[in-house]
>>> print(open('protein_24.txt').read())   # compact mmCIF, C-alpha atoms
# COMPACT_ATOMS: atom_id res chain seq x y z
CA MET A 24 38.66 23.98 25.52
CA PRO A 25 39.53 27.41 27.01
CA VAL A 26 42.18 29.45 25.18
CA SER A 27 45.34 30.02 27.20
CA LEU A 28 46.71 33.52 27.64
CA PRO A 29 49.18 34.29 24.81
CA PRO A 30 52.64 35.27 26.16
CA ALA A 31 52.62 38.58 24.24
CA LEU A 32 49.27 39.52 25.74
CA GLU A 33 50.49 38.58 29.20
CA LEU A 34 53.35 41.09 28.74
CA VAL A 35 50.87 43.98 28.54
CA LEU A 36 48.10 42.76 30.81
CA ASP A 37 48.99 45.28 33.52
CA LEU A 38 48.20 48.14 31.11
CA LEU A 39 44.57 47.19 30.59
CA CYS A 40 41.46 48.48 32.32
CA CYS A 41 38.05 46.88 32.23
CA PRO A 42 36.22 48.67 29.36
CA THR A 43 32.90 48.39 31.21
CA CYS A 44 33.62 49.61 34.74
CA ARG A 45 37.08 51.12 34.17
CA THR A 46 38.59 48.96 36.94
CA ARG A 47 42.26 48.65 36.17
CA ARG A 48 42.81 44.98 36.80
CA LEU A 49 41.99 42.32 34.21
CA ARG A 50 43.03 38.78 35.02
CA PRO A 51 43.05 35.67 32.84
CA GLU A 52 40.50 33.04 33.79
CA ARG A 53 39.61 30.02 31.62
CA GLY A 54 39.87 31.67 28.21
CA VAL A 55 38.68 35.14 29.23
CA LEU A 56 39.99 38.29 30.84
CA ARG A 57 37.90 39.15 33.88
CA CYS A 58 37.79 42.20 36.15
CA PRO A 59 37.03 42.07 39.90
CA ALA A 60 33.44 43.17 39.17
CA GLY A 61 32.94 40.08 36.99
CA HIS A 62 32.96 41.60 33.51
CA ALA A 63 34.54 39.11 31.11
CA PHE A 64 36.16 39.49 27.69
CA ASP A 65 37.10 36.66 25.37
CA ILE A 66 40.65 35.78 24.44
CA ALA A 67 40.36 34.82 20.78
CA ARG A 68 42.02 31.62 19.63
CA HIS A 69 44.00 33.79 17.20
CA GLY A 70 45.72 35.48 20.16
CA TYR A 71 44.05 38.86 20.67
CA ALA A 72 41.75 40.10 23.45
CA GLY A 73 38.20 40.98 22.45
CA LEU A 74 37.70 44.09 24.58
CA LEU A 75 35.26 45.94 22.32
CA THR A 76 31.87 46.24 24.04
CA GLY A 77 28.51 47.39 22.76
CA ALA A 78 29.37 46.69 19.11
CA ARG A 79 30.85 43.84 17.15
CA ALA A 80 34.39 44.35 15.88
CA THR A 81 33.45 44.00 12.21
CA SER A 82 34.55 47.37 10.85
CA GLY A 83 37.99 48.21 9.59
CA ASP A 84 39.95 46.18 7.07
CA ASP A 85 38.28 43.09 5.62
CA ALA A 86 40.02 39.81 4.83
CA ALA A 87 40.95 40.74 1.25
CA MET A 88 42.45 44.07 2.34
CA VAL A 89 44.48 42.38 5.08
CA ARG A 90 45.85 39.72 2.75
CA ALA A 91 46.84 42.37 0.20
CA ARG A 92 48.48 44.50 2.89
CA GLU A 93 50.45 41.57 4.28
CA ARG A 94 51.78 40.68 0.83
CA PHE A 95 52.69 44.25 -0.07
CA LEU A 96 54.36 45.11 3.23
CA SER A 97 56.31 41.84 3.35
CA ALA A 98 57.81 42.76 -0.02
CA GLY A 99 59.30 45.92 1.54
CA GLY A 100 57.33 48.57 -0.34
CA TYR A 101 56.86 50.68 2.81
CA ALA A 102 60.06 49.65 4.62
CA ARG A 103 61.38 53.22 4.54
CA ILE A 104 58.25 54.44 6.28
CA ARG A 105 58.62 51.79 8.96
CA ASP A 106 62.27 52.81 9.44
CA ALA A 107 61.26 56.45 9.92
CA VAL A 108 58.59 55.49 12.46
CA ALA A 109 61.11 53.38 14.39
CA ARG A 110 63.71 56.17 14.41
CA LEU A 111 61.28 58.78 15.67
CA ALA A 112 59.83 56.44 18.29
CA ALA A 113 63.21 55.31 19.63
CA ALA A 114 64.84 58.74 19.68
CA ALA A 115 63.42 59.98 22.99
CA VAL A 116 62.26 56.94 24.98
CA PRO A 117 63.97 54.28 27.08
CA GLU A 118 64.85 50.94 25.53
CA ARG A 119 62.42 49.23 27.92
CA ALA A 120 59.53 51.30 26.62
CA THR A 121 55.83 50.55 26.32
CA VAL A 122 54.60 51.16 22.76
CA LEU A 123 50.90 51.56 21.92
CA ASP A 124 49.89 51.30 18.26
CA VAL A 125 46.38 52.68 17.71
CA GLY A 126 44.83 51.36 14.51
CA CYS A 127 47.68 48.86 14.31
CA GLY A 128 46.43 46.94 11.27
CA THR A 129 48.65 43.92 10.71
CA GLY A 130 51.21 45.11 13.30
CA TYR A 131 53.86 45.94 10.70
CA TYR A 132 54.93 49.30 12.15
CA LEU A 133 54.65 48.19 15.77
CA ALA A 134 56.97 45.27 15.00
CA GLY A 135 59.47 47.66 13.43
CA VAL A 136 59.57 49.81 16.57
CA LEU A 137 59.95 46.79 18.84
CA ASP A 138 62.84 45.54 16.69
CA ARG A 139 64.54 48.92 17.23
CA LEU A 140 63.90 48.72 21.01
CA PRO A 141 64.90 45.18 22.11
CA GLY A 142 63.66 45.71 25.67
CA ALA A 143 60.29 47.21 24.74
CA ARG A 144 56.81 45.72 24.79
CA GLY A 145 53.90 46.68 22.57
CA LEU A 146 50.13 46.71 22.43
CA GLY A 147 48.19 47.06 19.21
CA LEU A 148 44.54 48.17 19.06
CA ASP A 149 42.29 47.77 16.01
CA THR A 150 38.62 47.18 15.21
CA SER A 151 39.30 44.68 12.41
CA VAL A 152 39.39 41.10 13.62
CA ARG A 153 41.04 40.10 10.34
CA ALA A 154 43.86 42.57 10.92
CA LEU A 155 44.20 41.55 14.56
CA ARG A 156 44.74 37.94 13.57
CA ALA A 157 47.79 39.07 11.63
CA ALA A 158 48.93 41.56 14.28
CA ALA A 159 48.79 38.93 17.01
CA ARG A 160 51.60 37.04 15.28
CA ALA A 161 53.57 40.10 14.08
CA HIS A 162 56.00 40.17 17.02
CA ASP A 163 56.60 38.08 20.12
CA ARG A 164 56.51 41.20 22.31
CA ALA A 165 53.31 42.67 20.85
CA GLY A 166 49.95 41.94 22.45
CA THR A 167 46.78 42.89 20.58
CA ALA A 168 43.20 43.79 21.42
CA ALA A 169 40.01 44.72 19.59
CA TRP A 170 39.09 48.34 20.24
CA ASP A 171 37.61 51.42 18.58
CA VAL A 172 39.97 54.42 18.42
CA PHE A 173 37.08 56.86 18.85
CA ARG A 174 36.14 55.51 22.28
CA PRO A 175 38.08 56.01 25.54
CA PHE A 176 40.90 53.48 25.49
CA PRO A 177 40.77 50.53 27.92
CA LEU A 178 44.11 51.61 29.35
CA ALA A 179 45.37 53.21 32.53
CA THR A 180 46.55 56.82 32.38
CA GLY A 181 50.17 57.62 31.50
CA VAL A 182 51.22 54.04 30.75
CA ALA A 183 52.60 54.44 27.20
CA ASP A 184 56.06 55.78 26.34
CA VAL A 185 55.17 55.87 22.64
CA VAL A 186 51.83 56.09 20.86
CA LEU A 187 51.86 55.25 17.15
CA ASP A 188 49.22 56.49 14.72
CA VAL A 189 50.20 55.34 11.22
CA PHE A 190 47.61 55.87 8.46
CA ALA A 191 44.97 55.56 11.17
CA PRO A 192 42.15 57.62 12.75
CA ARG A 193 43.13 59.83 15.66
CA ASN A 194 41.83 60.51 19.16
CA PRO A 195 44.12 63.30 20.47
CA ALA A 196 42.58 63.53 23.95
CA GLU A 197 43.03 59.81 24.56
CA PHE A 198 46.52 59.82 23.06
CA HIS A 199 47.43 62.51 25.57
CA ARG A 200 45.79 60.72 28.50
CA VAL A 201 47.54 57.37 28.04
CA LEU A 202 50.92 58.85 27.10
CA HIS A 203 53.61 59.38 29.73
CA PRO A 204 54.50 63.10 30.15
CA ALA A 205 57.96 62.43 28.71
CA GLY A 206 56.64 60.19 25.94
CA ARG A 207 56.14 60.69 22.21
CA LEU A 208 53.23 60.49 19.80
CA VAL A 209 54.31 59.48 16.28
CA VAL A 210 51.85 60.29 13.48
CA VAL A 211 52.25 59.26 9.84
CA ARG A 212 49.95 60.59 7.15
CA PRO A 213 50.11 60.88 3.34
CA THR A 214 50.91 64.03 1.41
CA VAL A 215 48.93 65.01 -1.68
CA ARG A 216 51.62 63.34 -3.83
CA HIS A 217 51.24 59.95 -2.17
CA LEU A 218 50.34 57.30 -4.78
CA ALA A 219 49.40 60.01 -7.27
CA GLU A 220 50.01 57.66 -10.17
CA LEU A 221 47.32 55.29 -8.89
CA ARG A 222 44.80 58.11 -8.69
CA GLU A 223 45.61 59.14 -12.26
CA ARG A 224 44.80 55.64 -13.48
CA ARG A 225 41.86 55.12 -11.10
CA PRO A 226 39.91 58.37 -10.55
CA ALA A 227 37.62 56.59 -8.07
CA THR A 228 40.45 56.14 -5.59
CA VAL A 229 40.36 58.22 -2.40
CA ARG A 230 42.24 61.50 -2.70
CA VAL A 231 44.17 63.27 0.04
CA ASP A 232 42.36 66.45 1.09
CA PRO A 233 44.80 69.39 0.80
CA ALA A 234 43.33 70.82 4.03
CA LYS A 235 43.98 67.59 5.94
CA GLU A 236 47.28 68.82 7.36
CA GLN A 237 45.68 71.96 8.77
CA ARG A 238 42.94 69.91 10.42
CA LEU A 239 45.54 67.61 11.95
CA HIS A 240 47.42 70.51 13.52
CA ARG A 241 44.21 72.07 14.86
CA ALA A 242 43.22 68.76 16.45
CA LEU A 243 46.61 68.03 18.02
CA ASP A 244 47.68 71.52 19.04
CA PRO A 245 45.75 71.66 22.37
CA PHE A 246 47.49 68.48 23.49
CA PHE A 247 50.84 68.21 21.69
CA ALA A 248 53.78 70.19 20.32
CA VAL A 249 56.03 69.09 17.45
CA ALA A 250 59.30 67.56 18.65
CA ALA A 251 60.78 66.19 15.41
CA GLY A 252 59.74 65.07 11.99
CA GLU A 253 60.71 64.06 8.52
CA GLN A 254 59.23 63.67 5.08
CA VAL A 255 59.64 60.27 3.48
CA GLU A 256 59.32 60.42 -0.29
CA TYR A 257 60.62 58.08 -2.96
CA GLY A 258 59.69 56.36 -6.17
CA ALA A 259 58.78 52.70 -5.86
CA ALA A 260 58.88 50.31 -8.81
CA LEU A 261 55.97 47.88 -8.78
CA ALA A 262 55.47 44.48 -10.29
CA ARG A 263 51.89 44.01 -11.47
CA GLU A 264 50.97 41.88 -8.47
CA GLU A 265 52.38 44.53 -6.11
CA ALA A 266 50.38 47.27 -7.82
CA LEU A 267 47.19 45.25 -7.42
CA ASP A 268 47.95 44.62 -3.75
CA LEU A 269 48.71 48.29 -3.16
CA LEU A 270 45.37 49.27 -4.66
CA ALA A 271 43.48 46.53 -2.81
CA MET A 272 44.97 47.29 0.62
CA THR A 273 43.96 50.95 0.74
CA PRO A 274 40.58 52.45 1.74
CA SER A 275 40.12 53.11 -1.98
CA ALA A 276 39.37 49.41 -2.46
CA ARG A 277 35.90 50.01 -1.00
CA HIS A 278 35.12 52.43 -3.84
CA LEU A 279 36.39 50.33 -6.74
CA SER A 280 34.77 47.66 -8.87
CA GLY A 281 35.94 44.09 -9.26
CA ALA A 282 37.37 44.99 -12.65
CA ASP A 283 39.46 47.75 -11.07
CA LEU A 284 41.02 45.20 -8.72
CA SER A 285 41.47 42.42 -11.26
CA GLY A 286 44.53 41.32 -13.18
CA ASP A 287 43.13 43.12 -16.24
CA ALA A 288 43.28 46.54 -14.59
CA CYS A 289 45.55 49.18 -16.11
CA LEU A 290 47.98 50.06 -13.33
CA PRO A 291 51.26 52.01 -13.10
CA ASP A 292 54.58 50.21 -12.81
CA ARG A 293 55.93 52.93 -10.53
CA VAL A 294 54.38 55.13 -7.84
CA THR A 295 55.43 57.99 -5.61
CA VAL A 296 55.42 57.15 -1.91
CA SER A 297 55.15 60.41 0.03
CA VAL A 298 54.31 60.73 3.72
CA LEU A 299 54.99 63.01 6.66
CA ALA A 300 56.17 61.38 9.88
CA THR A 301 56.11 63.59 12.97
CA ALA A 302 56.95 63.00 16.63
CA TYR A 303 54.98 65.11 19.11
CA ARG A 304 55.61 65.69 22.82
CA PRO A 305 52.71 66.17 25.24
CA ARG A 306 51.92 69.70 26.37
>>> encode(input="protein_24.txt", output="structure tokens")
Amino acid sequence: MPVSLPPALELVLDLLCCPTCRTRRLRPERGVLRCPAGHAFDIARHGYAGLLTGARATSGDDAAMVRARERFLSAGGYARIRDAVARLAAAAVPERATVLDVGCGTGYYLAGVLDRLPGARGLGLDTSVRALRAAARAHDRAGTAAWDVFRPFPLATGVADVVLDVFAPRNPAEFHRVLHPAGRLVVVRPTVRHLAELRERRPATVRVDPAKEQRLHRALDPFFAVAAGEQVEYGAALAREEALDLLAMTPSARHLSGADLSGDACLPDRVTVSVLATAYRPR
């Protein structure tokens, strides 16, 4: 039986372009989104649109990473980061804003921004179908679609009031293209102190390159100027299960053994959370 169009996806349907021919209009038709030229894209039964063409959406977070992330975030471990993202996003845009979250994961940060802006709508893009299943139910005003951040977005130009990039890859040229001239790009990235205690216990975990911040500024500078920002840093006490979830939800999980991620692992009971959150305005 064809999947009906989810209400949250219907809210953002006018933003979408056909990924194949770049025609703006996509219309629902018996479980798919179809453009006037006939290109069709499935609406998954989990609620997201499968717009990714030419490759299967199998990269990104796997099922175990998504489950760990959902558990950890629901416990409030990164609530202060979500609050900072929502503040920066809401500071310079109308309440009835359009919010695009690129690399949205489970939709946690997008939902936080939409809660701060009761009249806003959101669209989350991610390559991980496992993450999209969670993101599709994260907020009743957040539609979701499978897409690769490194490819031109299936969106019309200038349609977003806010673009979020939280612990995600970046495509500055596309961020600039889809963002309204008066809009804001909000980028969150870790400092070298972020989760340092985990790295001390698990040397195989991914480290933050000290030159990462310089590369970020070089990449964004042709398109954006800093408008506001804040550093979010605090110590977070962890129960053992939370520490395991924190380790399992990060990209480091791909570099660790089963023993590293098991209940027998030696893990800290407290970590430093340290990120930079910056709002940029388009040049």
>>> closest_atom_pairs(input="protein_24.txt", of="region 180-265 of chain A", to="region 40-62 of chain A", cutoff="12 Å", atoms="only C-alpha atoms", output="CSV")
residue,atom,partner,partner_atom,distance
A:Thr180,CA,A:Cys40,CA,9.8
A:Val182,CA,A:Cys40,CA,11.3
A:Val201,CA,A:Cys40,CA,11.6
>>> atom_distance(input="protein_24.txt", atom1="CA of Pro305 (chain A)", atom2="CA of Val255 (chain A)")
23.6 Å
>>> residues_around(input="protein_24.txt", residues="region 105-114 of chain A", least_positions_apart="6", cutoff="12 Å", atoms="all atoms listed in the file", output="ChimeraX atom specification")
/A:96-97,99,120-124,130-143,183-190,205-212,249-256,298-304
>>> atom_distance(input="protein_24.txt", atom1="CA of Arg263 (chain A)", atom2="CA of Ala161 (chain A)")
25.9 Å
>>> residues_around(input="protein_24.txt", residues="region 84-93 of chain A", least_positions_apart="5", cutoff="8 Å", atoms="all atoms listed in the file", output="number ranges by chain")
A: 128-129, 151, 153-154, 268-269, 271-273, 276
>>> write_last_selection(input="protein_24.txt", atoms="C-alpha atoms", output="CSV table (one decimal), in the coordinates of the input")
chain,number,residue,atom,x,y,z
A,128,GLY,CA,46.4,46.9,11.3
A,129,THR,CA,48.6,43.9,10.7
A,151,SER,CA,39.3,44.7,12.4
A,153,ARG,CA,41.0,40.1,10.3
A,154,ALA,CA,43.9,42.6,10.9
A,268,ASP,CA,48.0,44.6,-3.8
A,269,LEU,CA,48.7,48.3,-3.2
A,271,ALA,CA,43.5,46.5,-2.8
A,272,MET,CA,45.0,47.3,0.6
A,273,THR,CA,44.0,51.0,0.7
A,276,ALA,CA,39.4,49.4,-2.5
>>> residues_around(input="protein_24.txt", residues="Ala242 (chain A)", least_positions_apart="4", cutoff="9 Å", atoms="only C-alpha atoms", output="list in words")
Arg193, Asn194, Pro195, Gln237, Arg238 and Phe246 of chain A
>>> closest_residue(input="protein_24.txt", among="A:Arg103, A:Arg164, A:Arg200, A:Arg94", to="Arg306 (chain A)", atoms="only C-alpha atoms")
A:Arg200
>>> residues_around(input="protein_24.txt", residues="Ala169 (chain A)", least_positions_apart="4", cutoff="10 Å", atoms="all atoms listed in the file", output="list in words")
Ala67, Tyr71, Ala72, Gly73, Leu74, Leu75, Thr76, Arg79, Ala80, Thr81, Gly126, Gly147, Leu148, Asp149, Thr150, Ser151, Val152, Ala154 and Leu155 of chain A
>>> closest_residue(input="protein_24.txt", among="A:Gly145, A:Glu197, A:Leu270, A:Leu221", to="Leu32 (chain A)", atoms="all atoms listed in the file")
A:Gly145
